[in-house]
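One file, work-v9.tsv, is given below (TSV, C-alpha atoms and all ligand atoms).
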chain	number	residue	atom	x	y	z
Y	1	MET	CA	0.00	0.00	0.00
Y	2	LYS	CA	1.31	3.45	-0.93
Y	3	THR	CA	2.04	5.92	1.84
Y	4	ILE	CA	0.29	9.22	1.99
Y	5	LEU	CA	1.90	11.83	4.20
Y	6	THR	CA	1.30	15.41	5.06
Y	7	GLY	CA	2.15	17.86	7.80
Y	8	LEU	CA	0.78	20.96	9.46
Y	9	ARG	CA	2.54	23.52	11.59
Y	10	PRO	CA	0.93	23.84	15.00
Y	11	THR	CA	0.81	27.63	15.08
Y	12	GLY	CA	-2.93	28.29	15.12
Y	13	ASN	CA	-6.36	26.84	14.47
Y	14	LEU	CA	-7.52	25.68	11.06
Y	15	HIS	CA	-9.62	27.99	8.91
Y	16	LEU	CA	-11.72	27.46	5.79
Y	17	GLY	CA	-8.65	28.05	3.63
Y	18	HIS	CA	-7.01	24.97	5.14
Y	19	TYR	CA	-10.23	23.01	5.01
Y	20	PHE	CA	-11.05	23.55	1.33
Y	21	GLY	CA	-7.44	23.98	0.20
Y	22	ALA	CA	-6.04	20.77	1.66
Y	23	CYS	CA	-8.01	18.99	4.40
Y	24	GLN	CA	-10.84	17.87	2.13
Y	25	ASN	CA	-8.28	15.71	0.39
Y	26	TYR	CA	-7.24	14.14	3.68
Y	27	LEU	CA	-10.84	13.07	4.16
Y	28	LYS	CA	-11.01	11.73	0.65
Y	29	TYR	CA	-7.91	9.58	0.99
Y	30	GLN	CA	-8.16	8.31	4.56
Y	31	GLY	CA	-8.60	4.56	4.66
Y	32	LYS	CA	-7.36	4.16	1.10
Y	33	TYR	CA	-3.65	4.45	1.86
Y	34	ASP	CA	-1.24	4.11	4.75
Y	35	PHE	CA	-1.78	7.63	6.07
Y	36	TYR	CA	0.67	9.63	8.22
Y	37	LEU	CA	-0.26	13.06	9.47
Y	38	GLU	CA	2.55	15.00	11.04
Y	39	VAL	CA	2.05	17.73	13.60
Y	40	ALA	CA	5.18	19.62	12.57
Y	41	ASP	CA	6.26	21.19	15.85
Y	42	VAL	CA	9.95	21.27	14.91
Y	43	GLN	CA	9.10	23.14	11.72
Y	44	ALA	CA	6.78	25.49	13.65
Y	45	LEU	CA	9.71	26.36	15.90
Y	46	THR	CA	11.81	27.51	12.94
Y	47	ASP	CA	9.87	30.75	12.94
Y	48	ASN	CA	8.47	30.55	16.46
Y	49	PHE	CA	11.60	29.57	18.36
Y	50	ASN	CA	10.95	32.53	20.64
Y	51	ASN	CA	7.40	31.41	21.42
Y	52	PRO	CA	7.44	27.80	22.61
Y	53	GLU	CA	4.15	28.15	24.53
Y	54	LYS	CA	2.32	28.92	21.30
Y	55	VAL	CA	3.67	25.83	19.56
Y	56	ARG	CA	3.03	23.59	22.57
Y	57	LYS	CA	-0.58	24.71	22.93
Y	58	ASN	CA	-1.32	24.32	19.25
Y	59	VAL	CA	-0.11	20.74	18.96
Y	60	ARG	CA	-3.26	19.59	20.73
Y	61	GLU	CA	-5.42	22.34	19.19
Y	62	ILE	CA	-4.61	21.41	15.62
Y	63	THR	CA	-5.01	17.72	16.35
Y	64	ILE	CA	-8.48	18.44	17.72
Y	65	ASP	CA	-9.30	20.51	14.63
Y	66	LEU	CA	-8.26	17.63	12.39
Y	67	LEU	CA	-10.22	15.06	14.35
Y	68	SER	CA	-13.24	17.36	14.37
Y	69	ILE	CA	-13.44	17.57	10.59
Y	70	GLY	CA	-13.86	13.81	10.54
Y	71	LEU	CA	-10.40	12.29	10.27
Y	72	ASP	CA	-10.52	8.85	11.84
Y	73	PRO	CA	-7.59	7.94	14.10
Y	74	GLU	CA	-8.09	4.31	13.09
Y	75	LYS	CA	-7.26	5.29	9.52
Y	76	VAL	CA	-4.76	8.09	10.05
Y	77	ASN	CA	-1.59	8.02	12.15
Y	78	PHE	CA	-1.26	11.34	13.87
Y	79	PHE	CA	2.28	11.93	15.08
Y	80	ILE	CA	4.44	14.64	16.61
Y	81	GLN	CA	7.53	15.54	14.60
Y	82	SER	CA	9.86	16.19	17.54
Y	83	LYS	CA	9.22	12.67	18.82
Y	84	ILE	CA	10.80	11.15	15.72
Y	85	PRO	CA	14.55	11.78	16.10
Y	86	GLU	CA	15.20	10.02	12.77
Y	87	ILE	CA	13.78	13.09	10.99
Y	88	ALA	CA	16.38	15.34	12.62
Y	89	GLU	CA	19.12	12.85	11.82
Y	90	LEU	CA	18.10	12.58	8.19
Y	91	THR	CA	17.96	16.36	7.91
Y	92	VAL	CA	21.67	16.45	8.71
Y	93	TYR	CA	22.51	13.98	5.95
Y	94	TYR	CA	20.34	15.78	3.39
Y	95	SER	CA	21.89	19.14	4.24
Y	96	ASN	CA	24.93	18.05	2.22
Y	97	LEU	CA	22.80	17.57	-0.87
Y	98	VAL	CA	21.45	21.08	-1.21
Y	99	THR	CA	23.15	24.40	-1.77
Y	100	VAL	CA	22.48	27.51	0.28
Y	101	ALA	CA	21.79	29.40	-2.96
Y	102	ARG	CA	19.09	26.90	-3.94
Y	103	LEU	CA	17.36	27.33	-0.59
Y	104	GLN	CA	17.53	31.10	-0.90
Y	105	ARG	CA	15.78	30.82	-4.26
Y	106	ASN	CA	12.96	28.63	-2.94
Y	107	PRO	CA	9.80	30.70	-3.61
Y	108	THR	CA	8.01	29.51	-0.45
Y	109	VAL	CA	11.00	30.39	1.73
Y	110	LYS	CA	11.27	33.78	0.01
Y	111	THR	CA	7.60	34.62	0.52
Y	112	GLU	CA	7.59	33.56	4.15
Y	113	MET	CA	10.80	35.39	4.86
Y	114	SER	CA	9.38	38.64	3.50
Y	115	GLN	CA	6.27	38.17	5.66
Y	116	LYS	CA	8.41	37.88	8.78
Y	117	LYS	CA	10.48	41.02	8.70
Y	118	GLU	CA	10.48	41.45	12.48
Y	119	LEU	CA	12.21	38.07	12.78
Y	120	PHE	CA	14.38	37.88	9.68
Y	121	GLY	CA	15.03	41.55	8.81
Y	122	ASN	CA	13.77	43.74	5.96
Y	123	ASN	CA	15.76	41.91	3.31
Y	124	GLY	CA	16.15	38.60	5.07
Y	125	GLU	CA	19.58	39.59	6.39
Y	126	SER	CA	18.77	38.01	9.78
Y	127	ILE	CA	17.41	34.75	8.42
Y	128	THR	CA	18.38	31.81	10.60
Y	129	TYR	CA	20.12	28.67	9.49
Y	130	GLY	CA	17.13	26.69	10.76
Y	131	PHE	CA	14.50	28.61	8.83
Y	132	LEU	CA	16.48	28.68	5.60
Y	133	GLY	CA	16.96	24.94	5.95
Y	134	TYR	CA	13.42	23.93	6.79
Y	135	PRO	CA	12.75	22.62	3.26
Y	136	VAL	CA	15.55	20.12	3.89
Y	137	SER	CA	13.89	19.05	7.09
Y	138	GLN	CA	10.59	18.74	5.25
Y	139	ALA	CA	12.25	16.48	2.68
Y	140	ALA	CA	13.32	14.35	5.64
Y	141	ASP	CA	9.72	14.40	6.99
Y	142	ILE	CA	8.48	12.98	3.74
Y	143	THR	CA	11.14	10.45	2.87
Y	144	CYS	CA	11.57	9.15	6.41
Y	145	PHE	CA	8.18	7.47	5.91
Y	146	ASP	CA	8.60	6.78	2.22
Y	147	GLY	CA	5.79	9.27	1.60
Y	148	LYS	CA	4.55	8.91	-1.96
Y	149	LEU	CA	1.39	11.02	-2.14
Y	150	ILE	CA	1.50	14.41	-0.45
Y	151	PRO	CA	-1.82	16.30	-0.16
Y	152	VAL	CA	-0.91	19.96	0.23
Y	153	GLY	CA	-2.01	23.47	-0.60
Y	154	GLU	CA	-0.57	25.24	-3.63
Y	155	ASP	CA	1.92	27.21	-1.55
Y	156	GLN	CA	3.76	23.98	-0.74
Y	157	LEU	CA	4.66	23.02	-4.31
Y	158	PRO	CA	8.16	24.57	-4.25
Y	159	LEU	CA	8.93	22.55	-1.11
Y	160	LEU	CA	7.83	19.35	-2.80
Y	161	GLU	CA	10.00	20.18	-5.79
Y	162	GLN	CA	12.96	20.74	-3.49
Y	163	CYS	CA	12.31	17.37	-1.87
Y	164	ARG	CA	12.23	15.66	-5.26
Y	165	GLU	CA	15.58	17.23	-6.13
Y	166	ILE	CA	17.11	15.95	-2.91
Y	167	VAL	CA	15.75	12.47	-3.61
Y	168	ARG	CA	17.26	12.45	-7.09
Y	169	LYS	CA	20.60	13.68	-5.81
Y	170	PHE	CA	20.60	11.09	-3.04
Y	171	ASN	CA	19.81	8.27	-5.45
Y	172	SER	CA	22.43	9.39	-7.95
Y	173	ILE	CA	25.17	9.37	-5.31
Y	174	TYR	CA	24.21	6.55	-2.93
Y	175	GLY	CA	22.20	4.33	-5.29
Y	176	GLU	CA	18.45	3.92	-5.88
Y	177	THR	CA	16.99	4.12	-2.36
Y	178	LEU	CA	14.30	6.77	-2.14
Y	179	ASN	CA	11.02	7.36	-4.00
Y	180	GLU	CA	10.07	10.72	-5.39
Y	181	PRO	CA	6.92	12.09	-3.74
Y	182	GLU	CA	4.04	13.59	-5.72
Y	183	PRO	CA	1.79	16.43	-4.58
Y	184	ILE	CA	-1.99	16.07	-4.60
Y	185	LEU	CA	-3.81	19.39	-4.88
Y	186	SER	CA	-7.43	20.01	-3.95
Y	187	GLU	CA	-10.01	21.04	-6.52
Y	188	THR	CA	-10.30	24.42	-4.84
Y	189	LYS	CA	-6.68	25.31	-4.60
Y	190	ARG	CA	-6.82	28.61	-2.87
Y	191	ILE	CA	-9.58	30.15	-0.78
Y	192	LYS	CA	-10.19	33.89	-0.86
Y	193	GLY	CA	-10.52	35.94	2.32
Y	194	LEU	CA	-13.62	37.75	3.60
Y	195	ASP	CA	-12.06	40.98	2.36
Y	196	GLY	CA	-11.72	39.69	-1.20
Y	197	ASN	CA	-7.98	39.10	-0.82
Y	198	ASP	CA	-6.77	36.23	-3.00
Y	199	LYS	CA	-5.70	34.26	0.04
Y	200	MET	CA	-7.36	33.53	3.34
Y	201	GLY	CA	-4.81	33.73	6.11
Y	202	LYS	CA	-4.67	34.09	9.84
Y	203	SER	CA	-2.15	36.91	9.68
Y	204	LEU	CA	-4.22	38.67	7.02
Y	205	GLY	CA	-7.15	38.91	9.45
Y	206	ASN	CA	-9.64	37.73	6.83
Y	207	ALA	CA	-10.25	34.14	7.87
Y	208	ILE	CA	-13.18	32.10	9.12
Y	209	PHE	CA	-11.90	29.55	11.62
Y	210	LEU	CA	-13.47	26.18	12.24
Y	211	VAL	CA	-13.63	27.14	15.94
Y	212	ASP	CA	-15.52	30.39	15.31
Y	213	ASP	CA	-18.83	30.46	17.21
Y	214	ASP	CA	-22.21	31.77	15.97
Y	215	GLU	CA	-21.45	35.29	17.13
Y	216	LYS	CA	-18.12	35.47	15.30
Y	217	ILE	CA	-19.59	34.00	12.12
Y	218	LYS	CA	-22.32	36.61	12.19
Y	219	GLU	CA	-19.87	39.44	12.70
Y	220	LYS	CA	-17.48	38.23	10.00
Y	221	VAL	CA	-20.09	37.45	7.34
Y	222	MET	CA	-21.86	40.78	7.94
Y	223	GLY	CA	-18.54	42.50	7.21
Y	224	ALA	CA	-17.74	40.52	4.06
Y	225	ILE	CA	-17.08	42.44	0.84
Y	226	THR	CA	-19.93	42.56	-1.72
Y	227	ASP	CA	-20.27	44.19	-5.17
Y	228	PRO	CA	-19.45	47.85	-4.37
Y	229	SER	CA	-21.71	49.11	-7.17
Y	230	LYS	CA	-24.77	47.76	-5.38
Y	231	ILE	CA	-26.08	50.61	-3.27
Y	232	LYS	CA	-29.79	49.92	-2.87
Y	233	LYS	CA	-31.17	46.53	-1.98
Y	234	ASP	CA	-32.91	46.13	-5.35
Y	235	ASP	CA	-29.91	47.17	-7.48
Y	236	PRO	CA	-28.82	44.32	-9.75
Y	237	ALA	CA	-25.27	43.20	-8.95
Y	238	ASN	CA	-22.44	40.94	-10.02
Y	239	PRO	CA	-22.15	37.88	-7.75
Y	240	ASP	CA	-18.77	37.00	-9.22
Y	241	ILE	CA	-17.09	39.81	-7.35
Y	242	CYS	CA	-19.03	39.23	-4.12
Y	243	MET	CA	-17.45	37.34	-1.22
Y	244	VAL	CA	-20.85	36.38	0.15
Y	245	TYR	CA	-21.68	34.53	-3.06
Y	246	TYR	CA	-18.19	33.03	-3.05
Y	247	TYR	CA	-18.80	31.47	0.36
Y	248	HIS	CA	-22.33	30.41	-0.57
Y	249	LYS	CA	-20.66	28.31	-3.27
Y	250	LEU	CA	-18.50	26.63	-0.64
Y	251	VAL	CA	-21.04	25.83	2.04
Y	252	SER	CA	-24.60	26.26	0.75
Y	253	PRO	CA	-26.77	23.61	-0.92
Y	254	GLU	CA	-26.65	23.73	-4.71
Y	255	GLU	CA	-30.19	24.96	-5.20
Y	256	ASP	CA	-29.58	27.86	-2.79
Y	257	VAL	CA	-26.45	28.83	-4.70
Y	258	LYS	CA	-28.37	28.98	-7.99
Y	259	LYS	CA	-31.07	31.08	-6.40
Y	260	VAL	CA	-28.55	33.48	-4.85
Y	261	CYS	CA	-26.87	33.96	-8.20
Y	262	SER	CA	-29.97	34.62	-10.29
Y	263	GLU	CA	-31.70	36.81	-7.68
Y	264	CYS	CA	-28.54	38.85	-7.17
Y	265	LYS	CA	-28.18	39.49	-10.91
Y	266	LYS	CA	-31.83	40.57	-11.15
Y	267	GLY	CA	-31.69	42.80	-8.11
Y	268	ALA	CA	-34.24	40.56	-6.41
Y	269	ARG	CA	-32.27	40.09	-3.18
Y	270	GLY	CA	-30.64	42.49	-0.78
Y	271	CYS	CA	-27.17	41.91	0.61
Y	272	VAL	CA	-28.35	41.76	4.22
Y	273	ALA	CA	-30.82	38.95	3.52
Y	274	CYS	CA	-28.19	37.17	1.46
Y	275	LYS	CA	-25.66	37.43	4.31
Y	276	LYS	CA	-28.21	36.13	6.82
Y	277	GLU	CA	-28.81	33.11	4.66
Y	278	LEU	CA	-25.07	32.51	4.43
Y	279	ILE	CA	-24.72	32.77	8.22
Y	280	LYS	CA	-27.35	30.07	8.62
Y	281	ASN	CA	-25.71	27.78	6.07
Y	282	MET	CA	-22.23	28.40	7.43
Y	283	ASN	CA	-23.39	27.42	10.91
Y	284	GLU	CA	-24.99	24.29	9.52
Y	285	PHE	CA	-21.72	23.42	7.85
Y	286	LEU	CA	-19.77	24.04	11.06
Y	287	ASN	CA	-22.15	22.41	13.54
Y	288	PRO	CA	-21.02	18.79	13.12
Y	289	ILE	CA	-17.40	19.97	13.37
Y	290	ARG	CA	-18.24	21.89	16.54
Y	291	ASP	CA	-19.94	18.85	18.07
Y	292	LYS	CA	-16.90	16.66	17.54
Y	293	ARG	CA	-14.60	19.36	18.87
Y	294	LYS	CA	-16.68	19.55	22.04
Y	295	PHE	CA	-16.19	15.82	22.59
Y	296	TYR	CA	-12.41	16.00	22.16
Y	297	GLU	CA	-12.11	19.12	24.30
Y	298	GLU	CA	-13.87	17.31	27.10
Y	299	ASN	CA	-11.73	14.21	26.54
Y	300	THR	CA	-8.22	15.50	25.99
Y	301	LYS	CA	-6.83	12.18	27.24
Y	302	VAL	CA	-8.29	10.55	24.13
Y	303	VAL	CA	-6.44	13.11	21.99
Y	304	ASP	CA	-3.15	12.47	23.77
Y	305	GLU	CA	-3.59	8.72	23.32
Y	306	ILE	CA	-4.25	9.16	19.61
Y	307	LEU	CA	-1.01	11.14	19.30
Y	308	ASN	CA	0.97	8.61	21.33
Y	309	LYS	CA	-0.27	5.64	19.38
Y	310	GLY	CA	0.28	7.28	16.01
Y	311	THR	CA	3.75	8.47	17.02
Y	312	GLU	CA	4.76	4.96	18.05
Y	313	LYS	CA	3.72	3.56	14.70
Y	314	ALA	CA	5.45	6.38	12.84
Y	315	ARG	CA	8.64	5.78	14.80
Y	316	GLU	CA	8.68	2.11	13.75
Y	317	LYS	CA	8.32	3.06	10.12
Y	318	ALA	CA	11.03	5.75	10.37
Y	319	LYS	CA	13.47	3.33	11.99
Y	320	GLU	CA	13.03	0.84	9.16
Y	321	GLN	CA	13.49	3.47	6.50
Y	322	MET	CA	16.61	4.85	8.24
Y	323	LYS	CA	18.20	1.42	8.17
Y	324	LYS	CA	17.86	1.37	4.41
Y	325	ILE	CA	19.16	4.91	4.05
Y	326	LYS	CA	22.19	4.35	6.31
Y	327	HIS	CA	23.02	1.20	4.44
Y	328	SER	CA	23.06	3.10	1.14
Y	329	MET	CA	25.23	5.81	2.70
Y	330	MET	CA	27.64	3.23	4.12
Y	331	ILE	CA	27.13	4.41	7.68
Y	332	ASP	CA	25.36	1.28	8.90
Y	333	TYR	CA	28.02	0.32	11.45
B	1	LIG	N1	5.25	23.11	5.41
B	1	LIG	C1	3.92	22.68	5.73
B	1	LIG	C2	3.09	23.90	6.09
B	1	LIG	O1	3.63	24.93	6.42
B	1	LIG	C3	3.87	21.68	6.84
B	1	LIG	C4	4.62	20.39	6.61
B	1	LIG	C5	5.62	19.90	7.38
B	1	LIG	C6	4.41	19.45	5.55
B	1	LIG	N2	6.05	18.72	6.93
B	1	LIG	C7	5.35	18.38	5.82
B	1	LIG	C8	3.54	19.36	4.46
B	1	LIG	C9	5.43	17.29	4.97
B	1	LIG	C10	3.64	18.25	3.62
B	1	LIG	C11	4.58	17.21	3.86
B	1	LIG	O2	1.89	23.83	6.07
Would you put the structure from the file into structure tokens?
Amino acid sequence: MKTILTGLRPTGNLHLGHYFGACQNYLKYQGKYDFYLEVADVQALTDNFNNPEKVRKNVREITIDLLSIGLDPEKVNFFIQSKIPEIAELTVYYSNLVTVARLQRNPTVKTEMSQKKELFGNNGESITYGFLGYPVSQAADITCFDGKLIPVGEDQLPLLEQCREIVRKFNSIYGETLNEPEPILSETKRIKGLDGNDKMGKSLGNAIFLVDDDEKIKEKVMGAITDPSKIKKDDPANPDICMVYYYHKLVSPEEDVKKVCSECKKGARGCVACKKELIKNMNEFLNPIRDKRKFYEENTKVVDEILNKGTEKAREKAKEQMKKIKHSMMIDY
């Protein structure tokens, strides 16, 4: 059975961008492959080394989010990155196979670096060795488990490409040992923010989180951007530039979506009524997720057990794979 592997940084709760951009694929593939889901605390520390409490707290938070959307711990091995020392070891070996210049050119690293000026300086002059090298560590994450299929959001593609390069280099020097991973993208690759921004993001302040309660949903949807040319409630408008319609398409039943579209174009629906309908549908979409979250919040022991069990299984797999790798590298003393 092929291995599917993905990771998430425990730095905050999941929002709809994560859900539609990547997590839907986790749900689709669970049970069909040997599935490893990494809570990437070591990677989270590369740009949160000065905030260990945040990372610690979010390991459990993100696991609860993932369980709440319907991932089944019988079908998915949840594990904590820092508890697999083989990943750190492999990172050291791979660091010989990649140039500093190549890492500096990695588009994902470049984007993230420019978003974190307070940490890495205006032009990245204070970038740390650890952050610059995190793609190498991510290549270790993947290949340590012989990860073949990697469900990720679009932003991760340069990291996957970097991993594939490392695999090829490894194989060319030490002999055919590793498999090249392949990304799997979701149908909806990128989710727009409430403000119409191309990307929903926590730091952009335009996200709907899976943990948002009724009150927050109401507040956020009421503030969503609509067609600015629509002034009066019976003005016809263009749903294609309206965030409310955009979210209707994500969470509302198909017949509602059609109605929203045609009524909006004809000027037969006001924005307030349309937003109220979206609030109702959004809550209906979130309710089952909220119910599951409540269970896990009240039973955090269950969550910790899921992580322990998954980590144990992951460790076994990593140990096996390391044996093979060390043999190829002639360091299997
Ligand atoms: N870099 C990913 C992110 O920021 C998280 C991640 C860590 C990952 N290890 C991985 C993704 C391995 C895919 C495969 O979201």
Identify, on the basis of only C-alpha atoms, every residue whose closest approach to stretch 271-284 of chain Y does not exceed 8 Å; exclude the query and any residue fewer than 6 positions from it along the same chain; express the result as a PDB file with C-alpha atoms, keeping the file's coordinate frame.
ATOM      1  CA  ASP Y 214     -22.210  31.770  15.970  1.00  0.00           C
ATOM      2  CA  ILE Y 217     -19.590  34.000  12.120  1.00  0.00           C
ATOM      3  CA  LYS Y 218     -22.320  36.610  12.190  1.00  0.00           C
ATOM      4  CA  VAL Y 221     -20.090  37.450   7.340  1.00  0.00           C
ATOM      5  CA  MET Y 222     -21.860  40.780   7.940  1.00  0.00           C
ATOM      6  CA  THR Y 226     -19.930  42.560  -1.720  1.00  0.00           C
ATOM      7  CA  LYS Y 233     -31.170  46.530  -1.980  1.00  0.00           C
ATOM      8  CA  VAL Y 244     -20.850  36.380   0.150  1.00  0.00           C
ATOM      9  CA  TYR Y 247     -18.800  31.470   0.360  1.00  0.00           C
ATOM     10  CA  HIS Y 248     -22.330  30.410  -0.570  1.00  0.00           C
ATOM     11  CA  VAL Y 251     -21.040  25.830   2.040  1.00  0.00           C
ATOM     12  CA  SER Y 252     -24.600  26.260   0.750  1.00  0.00           C
ATOM     13  CA  VAL Y 260     -28.550  33.480  -4.850  1.00  0.00           C
TER      14      VAL Y 260
END
- Query: Given a cut-off of 7 Å, what residues near ligand LIG 1 (chain B) show up using all atoms listed in the file, put as a PyMOL selection string?
  - Reply: chain Y and resi 5-9+38+40+43+138+141-142+150-152+156
- Residues within 8 Å of stretch 179-182 of chain Y, only C-alpha atoms, excluding chain neighbours under 6 positions, as a PyMOL selection string: chain Y and resi 142-143+146-150+160+163-164+167-168
For the selection you just gave me, I'd like the residues written to a file as a PDB file, keeping the file's coordinate frame, keeping C-alpha atoms.
ATOM      1  CA  ILE Y 142       8.480  12.980   3.740  1.00  0.00           C
ATOM      2  CA  THR Y 143      11.140  10.450   2.870  1.00  0.00           C
ATOM      3  CA  ASP Y 146       8.600   6.780   2.220  1.00  0.00           C
ATOM      4  CA  GLY Y 147       5.790   9.270   1.600  1.00  0.00           C
ATOM      5  CA  LYS Y 148       4.550   8.910  -1.960  1.00  0.00           C
ATOM      6  CA  LEU Y 149       1.390  11.020  -2.140  1.00  0.00           C
ATOM      7  CA  ILE Y 150       1.500  14.410  -0.450  1.00  0.00           C
ATOM      8  CA  LEU Y 160       7.830  19.350  -2.800  1.00  0.00           C
ATOM      9  CA  CYS Y 163      12.310  17.370  -1.870  1.00  0.00           C
ATOM     10  CA  ARG Y 164      12.230  15.660  -5.260  1.00  0.00           C
ATOM     11  CA  VAL Y 167      15.750  12.470  -3.610  1.00  0.00           C
ATOM     12  CA  ARG Y 168      17.260  12.450  -7.090  1.00  0.00           C
TER      13      ARG Y 168
END
- Task: Name all residues at most 12 Å from Y:Lys169 (count all atoms listed in the file; drop same-chain ones fewer than 6 positions away) and give them as a list in words.
- Result: Tyr93, Tyr94, Ser95, Asn96, Leu97, Val98, Thr99, Gln162, Cys163, Gly175, Glu176, Thr177, Leu178, Asn179 and Glu180 of chain Y
Please produce an output containing C-alpha atoms for each residue in the selection, written as a PDB file, in the frame of the given file.
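Final output, saved to result.pdb:
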ATOM      1  CA  TYR Y  93      22.510  13.980   5.950  1.00  0.00           C
ATOM      2  CA  TYR Y  94      20.340  15.780   3.390  1.00  0.00           C
ATOM      3  CA  SER Y  95      21.890  19.140   4.240  1.00  0.00           C
ATOM      4  CA  ASN Y  96      24.930  18.050   2.220  1.00  0.00           C
ATOM      5  CA  LEU Y  97      22.800  17.570  -0.870  1.00  0.00           C
ATOM      6  CA  VAL Y  98      21.450  21.080  -1.210  1.00  0.00           C
ATOM      7  CA  THR Y  99      23.150  24.400  -1.770  1.00  0.00           C
ATOM      8  CA  GLN Y 162      12.960  20.740  -3.490  1.00  0.00           C
ATOM      9  CA  CYS Y 163      12.310  17.370  -1.870  1.00  0.00           C
ATOM     10  CA  GLY Y 175      22.200   4.330  -5.290  1.00  0.00           C
ATOM     11  CA  GLU Y 176      18.450   3.920  -5.880  1.00  0.00           C
ATOM     12  CA  THR Y 177      16.990   4.120  -2.360  1.00  0.00           C
ATOM     13  CA  LEU Y 178      14.300   6.770  -2.140  1.00  0.00           C
ATOM     14  CA  ASN Y 179      11.020   7.360  -4.000  1.00  0.00           C
ATOM     15  CA  GLU Y 180      10.070  10.720  -5.390  1.00  0.00           C
TER      16      GLU Y 180
END
- Query: Taking into account all atoms listed in the file, which residue in the set Y:Arg315, Y:Phe79, Y:Glu254, Y:Gly17 is nearest to Y:Asn197?
  - Reply: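 Closest candidate: Y:Gly17.
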